[in-house]
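Dropping work_8.txt in here (compact mmCIF, C-alpha atoms):
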```txt
# COMPACT_ATOMS: atom_id res chain seq x y z
CA MET P 1 7.95 26.03 -6.31
CA HIS P 2 7.61 22.83 -4.35
CA ALA P 3 9.37 22.62 -1.02
CA PRO P 4 12.24 20.10 -1.05
CA ARG P 5 11.29 16.70 0.37
CA THR P 6 12.74 15.96 3.78
CA ARG P 7 14.92 12.88 3.68
CA VAL P 8 14.03 10.41 6.44
CA GLN P 9 17.07 9.36 8.45
CA ARG P 10 16.73 5.57 8.75
CA ARG P 11 17.90 3.70 11.83
CA PRO P 12 18.11 0.13 13.10
CA VAL P 13 14.77 -0.91 14.59
CA HIS P 14 14.19 -4.45 15.87
CA GLY P 15 10.85 -5.93 16.94
CA VAL P 16 7.29 -6.75 15.91
CA LEU P 17 4.47 -4.27 15.37
CA LEU P 18 0.95 -5.70 15.43
CA LEU P 19 -0.96 -3.53 12.97
CA ASP P 20 -4.71 -3.45 12.43
CA LYS P 21 -4.54 -3.08 8.66
CA PRO P 22 -7.10 -0.59 7.35
CA LEU P 23 -9.55 -1.15 4.53
CA GLY P 24 -8.27 -0.21 1.08
CA LEU P 25 -4.52 -0.47 1.66
CA SER P 26 -2.43 -3.37 0.43
CA SER P 27 -0.27 -5.12 3.02
CA ASN P 28 2.84 -3.64 1.43
CA GLN P 29 1.41 -0.11 1.48
CA ALA P 30 0.64 -0.50 5.19
CA LEU P 31 4.12 -1.89 5.81
CA GLN P 32 5.83 0.99 4.01
CA LYS P 33 3.78 3.55 5.96
CA ALA P 34 4.71 1.95 9.30
CA LYS P 35 8.35 1.62 8.21
CA TRP P 36 8.44 5.33 7.38
CA LEU P 37 6.85 6.32 10.70
CA LEU P 38 9.38 4.23 12.64
CA ARG P 39 12.27 5.34 10.37
CA ALA P 40 13.25 1.68 10.20
CA GLU P 41 16.03 0.39 7.95
CA LYS P 42 14.59 -3.06 7.32
CA ALA P 43 11.03 -4.38 7.46
CA GLY P 44 8.78 -7.16 6.20
CA HIS P 45 5.33 -8.62 6.89
CA THR P 46 4.17 -12.14 7.73
CA GLY P 47 1.77 -12.79 4.87
CA THR P 48 -0.56 -10.53 2.93
CA LEU P 49 -4.11 -9.38 3.52
CA ASP P 50 -6.27 -8.30 0.57
CA PRO P 51 -6.83 -4.52 0.27
CA LEU P 52 -10.53 -5.20 1.01
CA ALA P 53 -9.63 -7.07 4.21
CA THR P 54 -8.81 -5.54 7.59
CA GLY P 55 -7.24 -6.86 10.76
CA VAL P 56 -4.16 -8.42 12.28
CA LEU P 57 -1.01 -7.89 10.23
CA PRO P 58 2.23 -8.55 12.16
CA LEU P 59 5.03 -6.35 10.78
CA CYS P 60 8.63 -7.42 11.41
CA PHE P 61 11.50 -4.98 11.75
CA GLY P 62 15.23 -5.63 11.69
CA ALA P 63 16.19 -8.94 13.28
CA ALA P 64 12.53 -9.97 13.51
CA THR P 65 12.42 -10.40 9.70
CA LYS P 66 14.57 -13.52 10.14
CA PHE P 67 11.63 -15.28 11.83
CA SER P 68 8.72 -13.99 9.70
CA GLN P 69 8.33 -17.38 7.98
CA ILE P 70 7.09 -18.84 11.27
CA HIS P 71 3.95 -16.73 11.04
CA LEU P 72 3.46 -17.31 7.35
CA ASP P 73 2.83 -20.89 8.48
CA ALA P 74 0.62 -20.00 11.48
CA ASP P 75 -3.11 -20.76 11.71
CA LYS P 76 -5.35 -17.75 11.06
CA THR P 77 -8.81 -16.73 12.33
CA TYR P 78 -11.17 -14.58 10.27
CA GLU P 79 -14.63 -13.09 10.55
CA THR P 80 -16.43 -12.74 7.25
CA THR P 81 -19.81 -11.94 5.75
CA VAL P 82 -21.04 -13.96 2.76
CA ARG P 83 -23.72 -12.33 0.62
CA LEU P 84 -25.86 -15.19 -0.67
CA GLY P 85 -27.59 -15.28 -4.05
CA GLN P 86 -24.99 -13.31 -6.00
CA LYS P 87 -21.79 -14.53 -7.63
CA THR P 88 -19.13 -11.97 -8.61
CA ALA P 89 -16.14 -12.16 -10.92
CA THR P 90 -13.68 -11.74 -8.04
CA GLY P 91 -15.51 -13.59 -5.25
CA ASP P 92 -15.89 -10.34 -3.28
CA ALA P 93 -17.81 -7.07 -3.43
CA GLU P 94 -15.19 -5.45 -5.69
CA GLY P 95 -16.10 -7.62 -8.68
CA GLU P 96 -18.93 -7.39 -11.17
CA VAL P 97 -22.02 -9.48 -10.41
CA ILE P 98 -21.97 -12.33 -12.95
CA GLY P 99 -24.83 -14.47 -11.64
CA THR P 100 -27.94 -14.12 -9.51
CA ARG P 101 -30.04 -16.90 -7.95
CA SER P 102 -32.79 -17.02 -5.37
CA VAL P 103 -31.96 -18.10 -1.83
CA THR P 104 -34.20 -20.98 -0.79
CA CYS P 105 -32.08 -22.79 1.81
CA THR P 106 -33.23 -23.34 5.38
CA PRO P 107 -31.28 -22.74 8.61
CA GLY P 108 -30.91 -26.50 8.97
CA GLN P 109 -29.37 -26.78 5.51
CA VAL P 110 -26.94 -23.96 6.34
CA VAL P 111 -25.73 -25.78 9.45
CA GLU P 112 -25.38 -29.03 7.51
CA VAL P 113 -23.38 -27.37 4.72
CA LEU P 114 -21.07 -25.58 7.14
CA ASP P 115 -20.38 -28.87 8.92
CA SER P 116 -19.37 -30.41 5.57
CA PHE P 117 -16.56 -27.87 5.22
CA MET P 118 -14.97 -28.73 8.55
CA GLY P 119 -11.59 -30.50 8.54
CA PRO P 120 -9.30 -31.10 5.56
CA ILE P 121 -10.70 -29.71 2.30
CA ALA P 122 -9.42 -29.03 -1.23
CA GLN P 123 -9.63 -25.52 -2.69
CA VAL P 124 -9.00 -24.29 -6.21
CA PRO P 125 -7.24 -20.90 -5.82
CA PRO P 126 -9.23 -17.95 -7.20
CA MET P 127 -8.12 -16.30 -10.43
CA TYR P 128 -7.99 -12.98 -8.60
CA SER P 129 -5.08 -13.92 -6.34
CA ALA P 130 -1.34 -13.26 -6.16
CA LEU P 131 -0.50 -16.94 -6.66
CA LYS P 132 1.83 -17.29 -9.64
CA LYS P 133 1.69 -19.58 -12.66
CA ASP P 134 4.61 -19.57 -15.10
CA GLY P 135 6.03 -16.53 -13.31
CA LYS P 136 2.87 -14.46 -13.70
CA ALA P 137 0.32 -13.66 -10.96
CA LEU P 138 -3.11 -15.19 -11.49
CA TYR P 139 -4.79 -11.78 -11.18
CA GLU P 140 -2.76 -10.60 -14.20
CA TYR P 141 -4.27 -13.39 -16.30
CA ALA P 142 -7.72 -12.54 -14.91
CA ARG P 143 -7.37 -8.86 -15.80
CA ASP P 144 -6.54 -9.92 -19.36
CA GLY P 145 -9.73 -11.98 -19.47
CA GLU P 146 -7.87 -15.31 -19.28
CA THR P 147 -8.70 -18.26 -17.05
CA VAL P 148 -5.87 -20.72 -16.46
CA GLU P 149 -5.93 -24.15 -14.90
CA ARG P 150 -5.11 -24.18 -11.19
CA ALA P 151 -4.29 -27.23 -9.12
CA ALA P 152 -6.39 -27.74 -5.99
CA ARG P 153 -4.65 -27.00 -2.70
CA HIS P 154 -5.27 -28.90 0.51
CA VAL P 155 -6.07 -26.81 3.59
CA VAL P 156 -7.71 -27.44 6.95
CA ILE P 157 -10.74 -25.68 8.41
CA HIS P 158 -10.26 -26.14 12.15
CA ASP P 159 -13.45 -24.34 13.16
CA LEU P 160 -16.35 -22.81 11.24
CA GLU P 161 -18.77 -20.92 13.49
CA LEU P 162 -22.06 -19.41 12.35
CA LEU P 163 -22.31 -16.06 14.14
CA ASN P 164 -25.46 -14.83 12.45
CA MET P 165 -27.60 -15.44 9.37
CA GLN P 166 -30.33 -13.72 7.40
CA LEU P 167 -31.88 -15.91 4.73
CA THR P 168 -34.78 -13.67 3.68
CA GLY P 169 -35.14 -10.11 2.43
CA GLU P 170 -33.04 -8.14 -0.05
CA ASN P 171 -29.67 -8.90 1.54
CA PRO P 172 -29.44 -12.58 2.59
CA THR P 173 -26.15 -13.14 4.43
CA LEU P 174 -24.13 -15.47 6.61
CA HIS P 175 -21.75 -14.03 9.20
CA LEU P 176 -19.00 -16.57 9.98
CA ARG P 177 -15.88 -17.01 12.09
CA VAL P 178 -13.28 -19.27 10.46
CA ARG P 179 -10.14 -20.71 12.04
CA CYS P 180 -8.02 -22.28 9.35
CA SER P 181 -4.58 -23.40 8.24
CA LYS P 182 -2.19 -21.29 6.19
CA GLY P 183 -3.04 -20.94 2.51
CA THR P 184 -6.82 -20.94 2.98
CA TYR P 185 -8.68 -18.61 0.62
CA ILE P 186 -11.68 -17.26 2.52
CA ARG P 187 -13.13 -15.84 -0.71
CA THR P 188 -13.08 -19.31 -2.22
CA LEU P 189 -14.59 -20.77 0.96
CA GLY P 190 -17.44 -18.25 0.80
CA GLU P 191 -18.08 -19.02 -2.86
CA ASP P 192 -17.99 -22.77 -2.25
CA ILE P 193 -20.43 -22.48 0.67
CA GLY P 194 -22.78 -20.47 -1.55
CA GLU P 195 -22.57 -23.10 -4.29
CA ALA P 196 -23.23 -25.90 -1.79
CA LEU P 197 -26.37 -24.03 -0.69
CA GLY P 198 -27.51 -23.83 -4.32
CA CYS P 199 -27.55 -20.04 -4.56
CA GLY P 200 -23.96 -18.87 -4.94
CA GLY P 201 -22.35 -16.15 -2.88
CA HIS P 202 -19.51 -13.68 -2.46
CA LEU P 203 -17.72 -11.95 0.41
CA THR P 204 -18.76 -8.47 1.44
CA MET P 205 -16.54 -8.24 4.52
CA LEU P 206 -13.34 -9.95 5.65
CA ARG P 207 -11.43 -9.29 8.86
CA ARG P 208 -8.51 -11.25 10.26
CA VAL P 209 -8.98 -11.37 14.02
CA ALA P 210 -6.01 -13.56 14.93
CA THR P 211 -2.83 -15.08 13.53
CA GLY P 212 -0.83 -17.52 15.61
CA PRO P 213 -0.70 -16.16 19.19
CA PHE P 214 -1.59 -12.59 18.15
CA ASP P 215 -5.12 -11.17 18.11
CA ALA P 216 -6.82 -7.92 17.16
CA SER P 217 -6.98 -6.62 20.74
CA GLN P 218 -3.18 -6.27 20.70
CA CYS P 219 -3.06 -4.25 17.50
CA THR P 220 -2.49 -0.57 16.84
CA THR P 221 -3.69 1.47 13.87
CA LEU P 222 -1.73 3.61 11.44
CA GLU P 223 -3.68 6.63 12.70
CA ALA P 224 -2.63 5.94 16.31
CA LEU P 225 0.96 5.36 15.21
CA GLU P 226 0.97 8.64 13.28
CA ALA P 227 -0.38 10.57 16.27
CA ALA P 228 2.18 9.04 18.67
CA THR P 229 5.57 10.45 19.58
CA GLU P 230 8.67 8.70 18.31
CA GLU P 231 9.25 7.16 21.73
CA GLN P 232 5.64 5.94 21.90
CA ARG P 233 5.94 4.37 18.44
CA LEU P 234 8.99 2.39 19.51
CA GLY P 235 7.13 1.47 22.70
CA ARG P 236 4.48 -0.34 20.64
CA LEU P 237 7.02 -2.87 19.39
CA LEU P 238 6.99 -6.40 20.77
CA PRO P 239 10.36 -8.15 21.22
CA VAL P 240 11.76 -10.32 18.44
CA GLN P 241 11.22 -13.43 20.59
CA SER P 242 7.45 -12.85 20.53
CA LEU P 243 7.62 -14.57 17.14
CA LEU P 244 8.98 -17.68 18.88
CA GLU P 245 5.90 -18.28 21.04
CA GLY P 246 5.73 -21.97 21.97
CA TYR P 247 9.43 -22.59 21.34
CA THR P 248 11.34 -24.37 24.11
CA PRO P 249 13.77 -21.86 25.72
CA VAL P 250 17.43 -22.78 26.21
CA LEU P 251 19.79 -20.50 28.15
CA LEU P 252 23.51 -20.68 27.36
CA GLY P 253 26.48 -19.39 29.31
CA ALA P 254 28.71 -16.68 27.89
CA GLU P 255 31.29 -19.01 26.27
CA CYS P 256 28.70 -21.34 24.73
CA ALA P 257 26.66 -18.35 23.56
CA GLY P 258 29.61 -16.94 21.64
CA ARG P 259 30.27 -20.24 19.90
CA PHE P 260 26.56 -20.74 19.14
CA LEU P 261 26.41 -17.30 17.49
CA SER P 262 29.29 -18.43 15.28
CA GLY P 263 27.12 -21.29 14.05
CA VAL P 264 28.85 -23.98 16.12
CA ARG P 265 26.75 -26.84 17.53
CA ARG P 266 26.78 -27.21 21.29
CA ARG P 267 26.48 -30.44 23.29
CA GLY P 268 24.27 -30.82 26.36
CA ALA P 269 21.65 -32.95 28.08
CA TRP P 270 18.78 -31.65 25.94
CA PRO P 271 15.87 -33.80 24.82
CA ASN P 272 15.04 -33.78 21.12
CA GLU P 273 13.05 -30.63 20.29
CA ALA P 274 12.10 -29.37 16.84
CA ARG P 275 11.63 -25.74 17.95
CA VAL P 276 14.03 -24.08 20.37
CA ALA P 277 14.57 -20.40 21.24
CA VAL P 278 18.15 -19.83 22.41
CA PHE P 279 19.09 -17.09 24.85
CA GLY P 280 22.40 -15.98 26.31
CA PRO P 281 23.73 -13.41 28.78
CA ALA P 282 23.80 -9.79 27.70
CA PRO P 283 27.34 -8.68 26.79
CA GLY P 284 29.15 -6.77 29.50
CA PRO P 285 29.82 -7.19 33.23
CA SER P 286 27.64 -9.80 34.94
CA ASP P 287 27.59 -11.89 38.05
CA GLU P 288 25.98 -15.09 39.21
CA THR P 289 22.73 -13.31 40.13
CA THR P 290 22.17 -11.51 36.82
CA THR P 291 18.91 -12.31 35.04
CA ASP P 292 19.59 -10.30 31.88
CA ARG P 293 19.43 -12.42 28.77
CA VAL P 294 19.03 -11.73 25.08
CA LEU P 295 17.72 -13.78 22.19
CA LEU P 296 20.50 -15.36 20.16
CA GLY P 297 18.37 -17.20 17.61
CA SER P 298 16.40 -20.34 16.89
CA ALA P 299 17.62 -23.92 16.87
CA HIS P 300 16.61 -27.54 17.24
CA THR P 301 18.04 -30.24 19.47
CA GLU P 302 18.84 -33.75 18.33
CA GLY P 303 21.01 -36.44 19.88
CA GLY P 304 22.17 -34.14 22.67
CA GLU P 305 23.23 -31.40 20.26
CA LEU P 306 21.92 -27.85 19.97
CA ILE P 307 21.89 -27.16 16.24
CA PRO P 308 21.72 -23.48 15.17
CA GLY P 309 18.89 -22.28 12.91
CA ARG P 310 18.30 -18.56 12.28
CA LEU P 311 20.80 -16.46 14.26
CA LEU P 312 20.94 -12.83 15.27
CA SER P 313 24.21 -11.09 14.54
CA PRO P 314 26.29 -9.59 17.38
CA ILE P 315 25.60 -6.16 15.84
CA GLU P 316 21.82 -6.75 15.96
CA ILE P 317 22.04 -7.90 19.59
CA GLN P 318 24.04 -4.81 20.52
CA GLN P 319 21.58 -2.52 18.72
CA ILE P 320 18.64 -4.10 20.56
CA LEU P 321 20.41 -3.59 23.88
CA GLU P 322 21.32 0.02 23.06
CA THR P 323 18.06 1.20 21.52
CA SER P 324 15.40 -1.00 23.10
CA PRO P 325 16.68 -2.71 26.25
CA GLU P 326 13.07 -3.35 27.29
CA LEU P 327 12.76 -5.67 24.26
CA THR P 328 15.13 -8.19 25.82
CA SER P 329 13.89 -10.79 28.28
```

Is it possible to express this structure as C-alpha cells?
Amino acid sequence: MHAPRTRVQRRPVHGVLLLDKPLGLSSNQALQKAKWLLRAEKAGHTGTLDPLATGVLPLCFGAATKFSQIHLDADKTYETTVRLGQKTATGDAEGEVIGTRSVTCTPGQVVEVLDSFMGPIAQVPPMYSALKKDGKALYEYARDGETVERAARHVVIHDLELLNMQLTGENPTLHLRVRCSKGTYIRTLGEDIGEALGCGGHLTMLRRVATGPFDASQCTTLEALEAATEEQRLGRLLPVQSLLEGYTPVLLGAECAGRFLSGVRRRGAWPNEARVAVFGPAPGPSDETTTDRVLLGSAHTEGGELIPGRLLSPIEIQQILETSPELTS
C-alpha cells in the first residue's frame, strides 16, 4: 500500500524570490516547486524562460504578484551560444537539423553583422513559441506540422557583445551577450544572425543573466532552497517593494495612508511622476521619531494629486508585518 500523501498547510507568504531556473524545467514547474517549498498560498512569475534556458526567474508571492507586470516589461540580458552552419526545426538544439551549410565568414564579417542587429529591429516570432494565434499556441500548430503566418514584432537590441567565436573546426560557434527589450526572441535572433552570415545557425545554450535590476549573482537554486530550513527559505525573500526599483517614494501620514488604501486620491505638492511607490506608517503605536514604514502600493502623481494604482490590502500589510517584519522598509 502507498503511504497517504501529506497535505501541505499553505500560508500567506509575501515577497520576491530570485530563482536560478535549472535546465529542463518549465518556468511554471519551477514556480510550483518553489511555491510548495515555501508553502505559499499565492504565487506567480514575471515572464517565462524556455525549459532549455537557465537563469534569473523572479518569482512573486502574495502581494508581490500585484506588481509582476512591471518585470514582464523590464529589459533582459542573456548569454547565448549560436552553433553556426546548422539550422534546426525549433531554432535550438532540441529540434531536428533541417539544413547544413559550410561556414565561410570572417571575424570582420561577424562584427559587421552583429552591428547590423543593434537598435530597433523586427522579428517574426518562431513557430515553436507560446505566442497564441486564434486562441491556440504557435507550438501546437508546429507540432501538427502546420506553419501559420505571424506578424513581425518590433523589439530593441540595446547591446550585442561578442564574447568569443570559433569559426573553424567541427563546432563553429559564436558566444554572445545580449541586452534587449521585452518580447525579444533570442532563438530568432540567433537564427537571423546565422542567416545574415550566410550559413544559418541555432542556439545550443541560453542563460538569462539579468532582468531589470536583478542579476544572477542574487539568485538561489531549487536545490539550495530544498536543503534550507523553513526560516532560511523565508529569509531568501526580497521585499515586495524590490519590484518597484526606480519608483519615486512618497511617505504618507497615518490619516492620508488610510484614505489612500481606500483608493482615495490625495492632494499635495508633488511634481508629476509616472511611477511612484507609496509608503505609510506601520499600524500601531508610533511617535514622531519612528522610522517604520510599510509599502501601501503604487501610484502616479498629476496636477498635485496622488492617484492610486495597485494597492496592498490592510490584511496583506498586517500579514507582512506579522510574518516578515524584516521585509518592510

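In this model, the gap between atom CA of Gly62 of chain P and atom CA of Ser298 of chain P comes to 15.6 Å.
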
* Asked: With distances taken over all atoms listed in the file, which of P:Gly304, P:Gly280, P:Gly309, P:Gly15 is nearest to Leu38 of chain P?
  ->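 Among P:Gly304, P:Gly280, P:Gly309, P:Gly15, it is P:Gly15 that comes nearest to Leu38 of chain P.
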
* Structure fact -> From the list P:Glu191, P:Glu245, P:Glu94, P:Glu255, the nearest residue to Phe214 of chain P using only C-alpha atoms is P:Glu245

* To do: Record the distance separating atom CA of Arg187 of chain P and atom CA of Thr168 of chain P, expressed in Å with one decimal.
  =>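 Atom-to-atom, atom CA of Arg187 of chain P to atom CA of Thr168 of chain P, that is 22.2 Å.
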
* Within 10 Å of Ala196 of chain P using only C-alpha atoms, minus same-chain residues under 3 positions, as a ChimeraX atom specification -> /P:109-110,113-114,116-117,190-193,199-201

Could those residues be written to a file, using C-alpha atoms, as a short mmCIF file (atom, residue, chain, number, x, y, z; two decimals), in the coordinates of the input?
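Output below, filename selection.cif:
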```
data_model
loop_
_atom_site.label_atom_id
_atom_site.label_comp_id
_atom_site.auth_asym_id
_atom_site.auth_seq_id
_atom_site.Cartn_x
_atom_site.Cartn_y
_atom_site.Cartn_z
CA GLN P 109 -29.37 -26.78 5.51
CA VAL P 110 -26.94 -23.96 6.34
CA VAL P 113 -23.38 -27.37 4.72
CA LEU P 114 -21.07 -25.58 7.14
CA SER P 116 -19.37 -30.41 5.57
CA PHE P 117 -16.56 -27.87 5.22
CA GLY P 190 -17.44 -18.25 0.80
CA GLU P 191 -18.08 -19.02 -2.86
CA ASP P 192 -17.99 -22.77 -2.25
CA ILE P 193 -20.43 -22.48 0.67
CA CYS P 199 -27.55 -20.04 -4.56
CA GLY P 200 -23.96 -18.87 -4.94
CA GLY P 201 -22.35 -16.15 -2.88
#
```

* **Residue nearest Leu160 of chain P - candidates P:Glu223, P:Glu112, P:Glu146, P:Glu316, atoms counted: only C-alpha atoms** =>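 With only C-alpha atoms as the atom set, the closest residue is P:Glu112.
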
* Structure fact -> One decimal place gives the atom CA of Gly297 of chain P-atom CA of Glu41 of chain P separation as 20.2 Å

* Using only C-alpha atoms, determine which residues lie at most 6 Å from Asp20 of chain P, disregarding the query and same-chain residues fewer than 3 positions distant; provide the list as a ChimeraX atom specification. => /P:55-56,219-221

* Asked: Restricting the calculation to all atoms listed in the file, which member of P:Ala93, P:Leu225, P:Val209, P:His175 is positioned closest to Lys33 of chain P?
  ->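 Checking each candidate against Lys33 of chain P, we get P:Leu225 as the closest.
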
* To do: For Val13 of chain P, list every protein, DNA or RNA residue within 10 Å, evaluated using all atoms listed in the file, and leave out those in the same chain fewer than 4 positions away; present the list as number ranges by chain.
  => P: 35, 38-43, 60-64, 234, 237, 316, 319-320, 323-324

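Candidate residues P:Gly99, P:Thr184, P:Lys66, P:Val111 were compared for distance to Ser313 of chain P, and the nearest is P:Lys66, using all atoms listed in the file.
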
* **Given all atoms listed in the file as the counted atoms, nearest of P:Glu161, P:Glu226, P:Asp215, P:Glu322 to Ala282 of chain P** => P:Glu322

Could you add the missing atoms to segment 147-158 of chain P, up to N, CA and C atoms, and return them as a PDB file, in the coordinates of the input?
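Listed below is the output, out_14.pdb:
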```
ATOM      1  N   THR P 147      -8.559 -17.330 -18.173  1.00  0.00           N
ATOM      2  CA  THR P 147      -8.700 -18.260 -17.050  1.00  0.00           C
ATOM      3  C   THR P 147      -7.731 -19.407 -17.284  1.00  0.00           C
ATOM      4  N   VAL P 148      -6.866 -19.660 -16.316  1.00  0.00           N
ATOM      5  CA  VAL P 148      -5.870 -20.720 -16.460  1.00  0.00           C
ATOM      6  C   VAL P 148      -6.179 -21.833 -15.462  1.00  0.00           C
ATOM      7  N   GLU P 149      -5.690 -23.001 -15.772  1.00  0.00           N
ATOM      8  CA  GLU P 149      -5.930 -24.150 -14.900  1.00  0.00           C
ATOM      9  C   GLU P 149      -5.134 -24.008 -13.618  1.00  0.00           C
ATOM     10  N   ARG P 150      -5.778 -24.264 -12.485  1.00  0.00           N
ATOM     11  CA  ARG P 150      -5.110 -24.180 -11.190  1.00  0.00           C
ATOM     12  C   ARG P 150      -5.288 -25.502 -10.455  1.00  0.00           C
ATOM     13  N   ALA P 151      -4.209 -25.996  -9.898  1.00  0.00           N
ATOM     14  CA  ALA P 151      -4.290 -27.230  -9.120  1.00  0.00           C
ATOM     15  C   ALA P 151      -4.943 -26.948  -7.778  1.00  0.00           C
ATOM     16  N   ALA P 152      -5.749 -27.887  -7.304  1.00  0.00           N
ATOM     17  CA  ALA P 152      -6.390 -27.740  -5.990  1.00  0.00           C
ATOM     18  C   ALA P 152      -5.325 -27.779  -4.898  1.00  0.00           C
ATOM     19  N   ARG P 153      -5.555 -27.024  -3.848  1.00  0.00           N
ATOM     20  CA  ARG P 153      -4.650 -27.000  -2.700  1.00  0.00           C
ATOM     21  C   ARG P 153      -5.390 -27.562  -1.492  1.00  0.00           C
ATOM     22  N   HIS P 154      -4.656 -28.277  -0.664  1.00  0.00           N
ATOM     23  CA  HIS P 154      -5.270 -28.900   0.510  1.00  0.00           C
ATOM     24  C   HIS P 154      -5.025 -28.032   1.741  1.00  0.00           C
ATOM     25  N   VAL P 155      -6.116 -27.643   2.391  1.00  0.00           N
ATOM     26  CA  VAL P 155      -6.070 -26.810   3.590  1.00  0.00           C
ATOM     27  C   VAL P 155      -6.944 -27.457   4.653  1.00  0.00           C
ATOM     28  N   VAL P 156      -6.918 -26.878   5.841  1.00  0.00           N
ATOM     29  CA  VAL P 156      -7.710 -27.440   6.950  1.00  0.00           C
ATOM     30  C   VAL P 156      -8.549 -26.325   7.574  1.00  0.00           C
ATOM     31  N   ILE P 157      -9.844 -26.576   7.679  1.00  0.00           N
ATOM     32  CA  ILE P 157     -10.740 -25.680   8.410  1.00  0.00           C
ATOM     33  C   ILE P 157     -10.895 -26.252   9.809  1.00  0.00           C
ATOM     34  N   HIS P 158     -10.241 -25.637  10.773  1.00  0.00           N
ATOM     35  CA  HIS P 158     -10.260 -26.140  12.150  1.00  0.00           C
ATOM     36  C   HIS P 158     -11.603 -25.871  12.827  1.00  0.00           C
TER      37      HIS P 158
END
```
